Amino acid sequence: MTRLPLEGIRVVESTYVYAFPYAAGLLSDLGAEVIKVEGTGHIDVTRGGAFAGAYPDNIPGDDSWNRTGGYNQLNRGKKSLTLDLSKPEGRAVLVDLLRVTDVFMENFTPRVMRNWGLDYPNMKKLKPDIIMVSNTGYGHSEGPWASYPAQATTQEATHGHCHITGYAGDIPSKAGQSFVDFLSTWTALLAIANALRYRRKTGNGQWIDVGMYQAGAYLTSESILDYIANGRLGERIGNRHPWRAPQGCYPCAGDDEWCVISVGDDEEWASLGKAMGMPSLAMDRRFATGLLRMKQHDAIDQIIAGWTKSLDKYQVMERLQGAGVPAGLVSDARDTNLSSHYWARGFLERVEFPPHRGVGARALMGRPYRMSKTPLKIQKPGPQLGDANQDVLFNILGYSEEQYTQLFKTGIIGDRPTNPRPMPTMSMDDMVRVGRFKYWDPEYKQKLGI
């Protein structure tokens, strides 16, 4: 049986929302034992509310906090330990656990860990070779913004992305999703892998201090360099490109169906004309060079749109890809989940929930990579709240029955949230009517094989 890369590594994570919960979930795919720490009065917001996603079959059930799609996607493969870290008794249990932990992940604001005496200088005293991983908006050390709380939805503004996102002459815009969270996910995974390698070679741990702001700034690096070198602040250009023309998102047959096309040189321009049945475009003097095509972009857009809107978006992409022209359809949730390519790649996985959870089989996203000699998979769905309380306290920490009972009686541990935040529910048709969903497919389970 193939040994997974991180077997034997214990990860404790007390993190919330997307970036680090997802990073820790991916570590579990690689074989790490991941213990998620939450307080019953401070559960992860992906268990309910705006960040949670949907319930299976739109049914909250009796334990809605264990059932949301967002939570189970991000926290797959983990164990759940509940600890009230606002109380000294809860922090004492965490300290005992950290003494037998390899990697500790947290995303509190900098003051929290310092106030608890669990910042890295104190962490090293507990376990000299521990790897501590912190995720904050602006980093822990130095800088006037270090104490600011942050989330990805506002970070797009502070790292400059909103300034260059949007349409010409219009206001700054967000990308639409909290993508900076996932930049921090990949950043943390690379840093943890390097820190584990360093520890194996030297016997020493270290502190990984991730600033989400800096991860996002990398995506604006062209604009930053342009300002440094040329004093230009950049501008919003919508779907256009600084030098590729034509480039845009073009309407296809159907309701709200689109395909993106991007032409980088004269050869691609000629190939586009041939694929559209208009080979004469390559000879049209108005569009003879890239510079002229930039100047005549609006006119070219009308020509392309007149062709694309008579075709299915898959047809547009496949014809142009076959002709050597960069093109990609705009996928919605159904396109993504039913993609034969994603299933063939193993990016989508069928994950079976235990029968007592009443969820059945679900499709979850795997990893955006494959390893040729190490087959990976999602080990199990996200844990029920507090499902590993006894396992951790008895089997890992060696606590007595009396200690366990006292922690339970005082509310330090538990298996139900003290303030659950269920999402308001309505029928799927009503959610379409109010605009939460564009549409829904009643046959989705049969089509997904779940």
# chains A, B, ... in the order shown; residues from 1 in each chain; ligands from 1
>>> residues_around(residues="range 139-155 of chain A", least_positions_apart="5", cutoff="8 Å", atoms="only C-alpha atoms", output="MDAnalysis selection string")
chainID A and resid 109:111 174 177:181 209:213 216
>>> residues_around(residues="range 348-350 of chain A", least_positions_apart="2", cutoff="8 Å", atoms="only C-alpha atoms", output="PDB file with C-alpha atoms, in the first residue's frame")
ATOM      1  CA  ASN A 337     -19.897  19.524 -11.749  1.00  0.00           C
ATOM      2  CA  TYR A 342     -12.792  17.151 -14.210  1.00  0.00           C
ATOM      3  CA  TRP A 343     -14.105  13.698 -13.329  1.00  0.00           C
ATOM      4  CA  ARG A 345      -8.766  14.065 -13.830  1.00  0.00           C
ATOM      5  CA  GLY A 346      -9.995  13.095 -10.375  1.00  0.00           C
ATOM      6  CA  GLU A 352     -19.637   8.796   0.894  1.00  0.00           C
ATOM      7  CA  ALA A 361     -22.809  10.409  -1.381  1.00  0.00           C
ATOM      8  CA  ARG A 362     -21.720  13.879  -2.528  1.00  0.00           C
ATOM      9  CA  ALA A 363     -19.388  15.316  -5.129  1.00  0.00           C
ATOM     10  CA  LEU A 364     -16.478  17.281  -3.640  1.00  0.00           C
ATOM     11  CA  MET A 365     -13.522  19.013  -5.269  1.00  0.00           C
ATOM     12  CA  GLY A 366     -10.233  17.204  -4.903  1.00  0.00           C
ATOM     13  CA  LYS A 377      -8.081  11.090  -2.477  1.00  0.00           C
ATOM     14  CA  ILE A 378     -10.331  12.785   0.037  1.00  0.00           C
ATOM     15  CA  ILE A 450     -25.125  10.431  -6.112  1.00  0.00           C
TER      16      ILE A 450
END
>>> atom_distance(atom1="CA of Trp243 in chain A", atom2="CA of Gly290 in chain A")
7.5 Å
>>> residues_around(residues="Ser223 in chain A", least_positions_apart="6", cutoff="12 Å", atoms="only C-alpha atoms", output="PDB file with N, CA and C atoms, in the first residue's frame")
ATOM      1  N   HIS A 159      -4.922  45.657  -1.524  1.00  0.00           N
ATOM      2  CA  HIS A 159      -3.712  45.288  -2.273  1.00  0.00           C
ATOM      3  C   HIS A 159      -3.757  45.761  -3.724  1.00  0.00           C
ATOM      4  N   GLY A 160      -4.782  46.524  -4.085  1.00  0.00           N
ATOM      5  CA  GLY A 160      -4.781  47.204  -5.371  1.00  0.00           C
ATOM      6  C   GLY A 160      -5.535  46.516  -6.487  1.00  0.00           C
ATOM      7  N   HIS A 161      -6.060  45.323  -6.213  1.00  0.00           N
ATOM      8  CA  HIS A 161      -6.705  44.582  -7.295  1.00  0.00           C
ATOM      9  C   HIS A 161      -7.948  45.292  -7.813  1.00  0.00           C
ATOM     10  N   CYS A 162      -8.722  45.903  -6.915  1.00  0.00           N
ATOM     11  CA  CYS A 162      -9.947  46.590  -7.351  1.00  0.00           C
ATOM     12  C   CYS A 162      -9.650  47.756  -8.291  1.00  0.00           C
ATOM     13  N   HIS A 163      -8.475  48.364  -8.110  1.00  0.00           N
ATOM     14  CA  HIS A 163      -8.136  49.513  -8.955  1.00  0.00           C
ATOM     15  C   HIS A 163      -8.026  49.128 -10.418  1.00  0.00           C
ATOM     16  N   ILE A 164      -7.616  47.888 -10.686  1.00  0.00           N
ATOM     17  CA  ILE A 164      -7.425  47.477 -12.078  1.00  0.00           C
ATOM     18  C   ILE A 164      -8.507  46.496 -12.546  1.00  0.00           C
ATOM     19  N   THR A 165      -9.550  46.287 -11.717  1.00  0.00           N
ATOM     20  CA  THR A 165     -10.652  45.401 -12.091  1.00  0.00           C
ATOM     21  C   THR A 165     -11.907  46.235 -12.308  1.00  0.00           C
ATOM     22  N   ALA A 217      -1.009  41.105  -3.499  1.00  0.00           N
ATOM     23  CA  ALA A 217      -0.228  42.110  -4.230  1.00  0.00           C
ATOM     24  C   ALA A 217       0.561  41.482  -5.383  1.00  0.00           C
ATOM     25  N   ALA A 229       8.495  51.944 -12.669  1.00  0.00           N
ATOM     26  CA  ALA A 229       9.348  52.253 -13.817  1.00  0.00           C
ATOM     27  C   ALA A 229       8.880  53.463 -14.616  1.00  0.00           C
ATOM     28  N   ASN A 230       7.546  53.629 -14.735  1.00  0.00           N
ATOM     29  CA  ASN A 230       7.027  54.631 -15.667  1.00  0.00           C
ATOM     30  C   ASN A 230       6.105  55.663 -15.038  1.00  0.00           C
ATOM     31  N   GLY A 231       5.795  55.482 -13.755  1.00  0.00           N
ATOM     32  CA  GLY A 231       4.923  56.456 -13.096  1.00  0.00           C
ATOM     33  C   GLY A 231       3.471  56.326 -13.486  1.00  0.00           C
ATOM     34  N   ARG A 232       3.095  55.232 -14.184  1.00  0.00           N
ATOM     35  CA  ARG A 232       1.701  55.030 -14.592  1.00  0.00           C
ATOM     36  C   ARG A 232       0.943  54.288 -13.502  1.00  0.00           C
ATOM     37  N   LEU A 233      -0.296  54.718 -13.238  1.00  0.00           N
ATOM     38  CA  LEU A 233      -1.108  54.100 -12.197  1.00  0.00           C
ATOM     39  C   LEU A 233      -1.958  52.941 -12.709  1.00  0.00           C
ATOM     40  N   GLY A 234      -2.002  52.729 -13.998  1.00  0.00           N
ATOM     41  CA  GLY A 234      -2.838  51.675 -14.541  1.00  0.00           C
ATOM     42  C   GLY A 234      -4.281  52.118 -14.628  1.00  0.00           C
ATOM     43  N   GLU A 235      -5.104  51.303 -15.295  1.00  0.00           N
ATOM     44  CA  GLU A 235      -6.500  51.664 -15.489  1.00  0.00           C
ATOM     45  C   GLU A 235      -7.339  50.402 -15.623  1.00  0.00           C
ATOM     46  N   ARG A 236      -8.622  50.599 -15.513  1.00  0.00           N
ATOM     47  CA  ARG A 236      -9.545  49.486 -15.679  1.00  0.00           C
ATOM     48  C   ARG A 236      -9.857  49.299 -17.162  1.00  0.00           C
ATOM     49  N   PRO A 242      -3.936  44.605 -22.387  1.00  0.00           N
ATOM     50  CA  PRO A 242      -3.033  45.703 -22.796  1.00  0.00           C
ATOM     51  C   PRO A 242      -2.467  45.551 -24.196  1.00  0.00           C
TER      52      PRO A 242
END
>>> residues_around(residues="Asp335 in chain A", least_positions_apart="6", cutoff="12 Å", atoms="only C-alpha atoms", output="PDB file with N, CA and C atoms, in the first residue's frame")
ATOM      1  N   GLU A 257     -25.066  32.576 -21.868  1.00  0.00           N
ATOM      2  CA  GLU A 257     -23.989  31.639 -22.201  1.00  0.00           C
ATOM      3  C   GLU A 257     -22.879  32.417 -22.908  1.00  0.00           C
ATOM      4  N   LYS A 313     -21.636  27.410 -26.657  1.00  0.00           N
ATOM      5  CA  LYS A 313     -20.325  27.846 -26.150  1.00  0.00           C
ATOM      6  C   LYS A 313     -19.273  26.753 -26.261  1.00  0.00           C
ATOM      7  N   TYR A 314     -19.690  25.488 -26.130  1.00  0.00           N
ATOM      8  CA  TYR A 314     -18.741  24.392 -26.309  1.00  0.00           C
ATOM      9  C   TYR A 314     -18.250  24.332 -27.750  1.00  0.00           C
ATOM     10  N   LEU A 329     -14.784  28.364 -22.596  1.00  0.00           N
ATOM     11  CA  LEU A 329     -16.175  28.650 -22.271  1.00  0.00           C
ATOM     12  C   LEU A 329     -16.285  29.173 -20.844  1.00  0.00           C
ATOM     13  N   HIS A 341     -14.158  16.083 -18.091  1.00  0.00           N
ATOM     14  CA  HIS A 341     -12.725  16.284 -17.924  1.00  0.00           C
ATOM     15  C   HIS A 341     -12.344  16.324 -16.450  1.00  0.00           C
ATOM     16  N   TYR A 342     -13.097  17.075 -15.643  1.00  0.00           N
ATOM     17  CA  TYR A 342     -12.792  17.151 -14.210  1.00  0.00           C
ATOM     18  C   TYR A 342     -12.915  15.794 -13.538  1.00  0.00           C
ATOM     19  N   TRP A 343     -13.944  15.023 -13.916  1.00  0.00           N
ATOM     20  CA  TRP A 343     -14.105  13.698 -13.329  1.00  0.00           C
ATOM     21  C   TRP A 343     -12.965  12.775 -13.756  1.00  0.00           C
ATOM     22  N   ASP A 441     -31.346  22.317 -11.336  1.00  0.00           N
ATOM     23  CA  ASP A 441     -31.644  21.150 -12.150  1.00  0.00           C
ATOM     24  C   ASP A 441     -32.210  20.053 -11.255  1.00  0.00           C
ATOM     25  N   TYR A 444     -30.191  16.739 -10.773  1.00  0.00           N
ATOM     26  CA  TYR A 444     -28.768  16.865 -10.509  1.00  0.00           C
ATOM     27  C   TYR A 444     -28.181  15.611  -9.850  1.00  0.00           C
ATOM     28  N   LYS A 447     -27.654  12.884 -12.459  1.00  0.00           N
ATOM     29  CA  LYS A 447     -26.578  13.243 -13.376  1.00  0.00           C
ATOM     30  C   LYS A 447     -25.192  13.135 -12.713  1.00  0.00           C
ATOM     31  N   LEU A 448     -25.145  13.398 -11.406  1.00  0.00           N
ATOM     32  CA  LEU A 448     -23.874  13.300 -10.678  1.00  0.00           C
ATOM     33  C   LEU A 448     -23.593  11.885 -10.170  1.00  0.00           C
TER      34      LEU A 448
END
>>> select_by_dssp(residues="range 119-327 of chain A", states="strand (DSSP E)", output="ChimeraX atom specification")
/A:131-136,207-211,247-251,258-262,327
>>> decode(residues="range 270-307 of chain A", atoms="N, CA and C atoms", output="mmCIF file, in the first residue's frame")
data_model
loop_
_atom_site.group_PDB
_atom_site.id
_atom_site.type_symbol
_atom_site.label_atom_id
_atom_site.label_comp_id
_atom_site.auth_asym_id
_atom_site.auth_seq_id
_atom_site.Cartn_x
_atom_site.Cartn_y
_atom_site.Cartn_z
ATOM 1 N N ALA A 270 -5.542 35.406 -38.160
ATOM 2 C CA ALA A 270 -5.908 34.747 -39.417
ATOM 3 C C ALA A 270 -6.653 33.450 -39.144
ATOM 4 N N SER A 271 -6.218 32.695 -38.135
ATOM 5 C CA SER A 271 -6.884 31.438 -37.794
ATOM 6 C C SER A 271 -8.298 31.679 -37.283
ATOM 7 N N LEU A 272 -8.484 32.753 -36.519
ATOM 8 C CA LEU A 272 -9.822 33.093 -36.043
ATOM 9 C C LEU A 272 -10.745 33.371 -37.223
ATOM 10 N N GLY A 273 -10.262 34.161 -38.195
ATOM 11 C CA GLY A 273 -11.079 34.471 -39.372
ATOM 12 C C GLY A 273 -11.491 33.215 -40.117
ATOM 13 N N LYS A 274 -10.564 32.288 -40.303
ATOM 14 C CA LYS A 274 -10.881 31.038 -41.006
ATOM 15 C C LYS A 274 -11.904 30.216 -40.233
ATOM 16 N N ALA A 275 -11.714 30.111 -38.912
ATOM 17 C CA ALA A 275 -12.645 29.329 -38.094
ATOM 18 C C ALA A 275 -14.052 29.922 -38.121
ATOM 19 N N MET A 276 -14.142 31.238 -38.268
ATOM 20 C CA MET A 276 -15.433 31.919 -38.319
ATOM 21 C C MET A 276 -16.035 31.888 -39.725
ATOM 22 N N GLY A 277 -15.294 31.329 -40.700
ATOM 23 C CA GLY A 277 -15.766 31.350 -42.091
ATOM 24 C C GLY A 277 -15.590 32.699 -42.732
ATOM 25 N N MET A 278 -14.667 33.496 -42.214
ATOM 26 C CA MET A 278 -14.392 34.839 -42.741
ATOM 27 C C MET A 278 -12.890 35.006 -42.971
ATOM 28 N N PRO A 279 -12.299 34.220 -43.869
ATOM 29 C CA PRO A 279 -10.848 34.315 -44.066
ATOM 30 C C PRO A 279 -10.381 35.673 -44.554
ATOM 31 N N SER A 280 -11.302 36.448 -45.123
ATOM 32 C CA SER A 280 -10.911 37.767 -45.636
ATOM 33 C C SER A 280 -10.528 38.742 -44.524
ATOM 34 N N LEU A 281 -10.905 38.424 -43.261
ATOM 35 C CA LEU A 281 -10.544 39.322 -42.156
ATOM 36 C C LEU A 281 -9.036 39.515 -42.067
ATOM 37 N N ALA A 282 -8.273 38.479 -42.391
ATOM 38 C CA ALA A 282 -6.810 38.574 -42.303
ATOM 39 C C ALA A 282 -6.264 39.580 -43.296
ATOM 40 N N MET A 283 -7.019 39.837 -44.389
ATOM 41 C CA MET A 283 -6.568 40.773 -45.420
ATOM 42 C C MET A 283 -7.164 42.166 -45.240
ATOM 43 N N ASP A 284 -8.067 42.302 -44.295
ATOM 44 C CA ASP A 284 -8.729 43.593 -44.099
ATOM 45 C C ASP A 284 -7.716 44.588 -43.544
ATOM 46 N N ARG A 285 -7.480 45.658 -44.273
ATOM 47 C CA ARG A 285 -6.433 46.624 -43.902
ATOM 48 C C ARG A 285 -6.750 47.325 -42.583
ATOM 49 N N ARG A 286 -8.040 47.364 -42.215
ATOM 50 C CA ARG A 286 -8.397 48.006 -40.943
ATOM 51 C C ARG A 286 -7.837 47.243 -39.745
ATOM 52 N N PHE A 287 -7.619 45.917 -39.939
ATOM 53 C CA PHE A 287 -7.228 45.045 -38.832
ATOM 54 C C PHE A 287 -5.882 44.375 -39.093
ATOM 55 N N ALA A 288 -5.052 44.988 -39.897
ATOM 56 C CA ALA A 288 -3.851 44.313 -40.394
ATOM 57 C C ALA A 288 -2.780 44.091 -39.332
ATOM 58 N N THR A 289 -2.760 44.909 -38.279
ATOM 59 C CA THR A 289 -1.742 44.775 -37.233
ATOM 60 C C THR A 289 -2.399 44.750 -35.858
ATOM 61 N N GLY A 290 -1.618 44.326 -34.874
ATOM 62 C CA GLY A 290 -2.135 44.310 -33.519
ATOM 63 C C GLY A 290 -2.560 45.687 -33.053
ATOM 64 N N LEU A 291 -1.787 46.715 -33.398
ATOM 65 C CA LEU A 291 -2.117 48.075 -32.992
ATOM 66 C C LEU A 291 -3.428 48.529 -33.621
ATOM 67 N N LEU A 292 -3.619 48.215 -34.907
ATOM 68 C CA LEU A 292 -4.865 48.583 -35.570
ATOM 69 C C LEU A 292 -6.049 47.819 -34.965
ATOM 70 N N ARG A 293 -5.833 46.567 -34.613
ATOM 71 C CA ARG A 293 -6.918 45.794 -34.003
ATOM 72 C C ARG A 293 -7.282 46.350 -32.630
ATOM 73 N N MET A 294 -6.286 46.836 -31.905
ATOM 74 C CA MET A 294 -6.589 47.495 -30.623
ATOM 75 C C MET A 294 -7.482 48.714 -30.857
ATOM 76 N N LYS A 295 -7.165 49.490 -31.890
ATOM 77 C CA LYS A 295 -7.926 50.718 -32.161
ATOM 78 C C LYS A 295 -9.332 50.416 -32.672
ATOM 79 N N GLN A 296 -9.494 49.268 -33.340
ATOM 80 C CA GLN A 296 -10.787 48.906 -33.931
ATOM 81 C C GLN A 296 -11.493 47.799 -33.126
ATOM 82 N N HIS A 297 -11.154 47.723 -31.858
ATOM 83 C CA HIS A 297 -11.642 46.612 -31.035
ATOM 84 C C HIS A 297 -13.168 46.543 -31.005
ATOM 85 N N ASP A 298 -13.846 47.665 -30.877
ATOM 86 C CA ASP A 298 -15.314 47.659 -30.800
ATOM 87 C C ASP A 298 -15.914 47.068 -32.068
ATOM 88 N N ALA A 299 -15.378 47.450 -33.204
ATOM 89 C CA ALA A 299 -15.901 46.924 -34.475
ATOM 90 C C ALA A 299 -15.664 45.422 -34.589
ATOM 91 N N ILE A 300 -14.471 44.980 -34.154
ATOM 92 C CA ILE A 300 -14.168 43.540 -34.201
ATOM 93 C C ILE A 300 -15.077 42.774 -33.246
ATOM 94 N N ASP A 301 -15.336 43.334 -32.083
ATOM 95 C CA ASP A 301 -16.222 42.662 -31.123
ATOM 96 C C ASP A 301 -17.590 42.387 -31.741
ATOM 97 N N GLN A 302 -18.117 43.325 -32.476
ATOM 98 C CA GLN A 302 -19.423 43.133 -33.105
ATOM 99 C C GLN A 302 -19.383 41.999 -34.125
ATOM 100 N N ILE A 303 -18.300 41.918 -34.882
ATOM 101 C CA ILE A 303 -18.159 40.845 -35.878
ATOM 102 C C ILE A 303 -18.100 39.489 -35.185
ATOM 103 N N ILE A 304 -17.281 39.389 -34.132
ATOM 104 C CA ILE A 304 -17.132 38.110 -33.428
ATOM 105 C C ILE A 304 -18.438 37.703 -32.759
ATOM 106 N N ALA A 305 -19.089 38.664 -32.088
ATOM 107 C CA ALA A 305 -20.341 38.359 -31.392
ATOM 108 C C ALA A 305 -21.417 37.891 -32.362
ATOM 109 N N GLY A 306 -21.431 38.453 -33.573
ATOM 110 C CA GLY A 306 -22.401 38.016 -34.571
ATOM 111 C C GLY A 306 -22.228 36.553 -34.937
ATOM 112 N N TRP A 307 -20.984 36.053 -34.835
ATOM 113 C CA TRP A 307 -20.717 34.637 -35.107
ATOM 114 C C TRP A 307 -20.978 33.768 -33.878
#
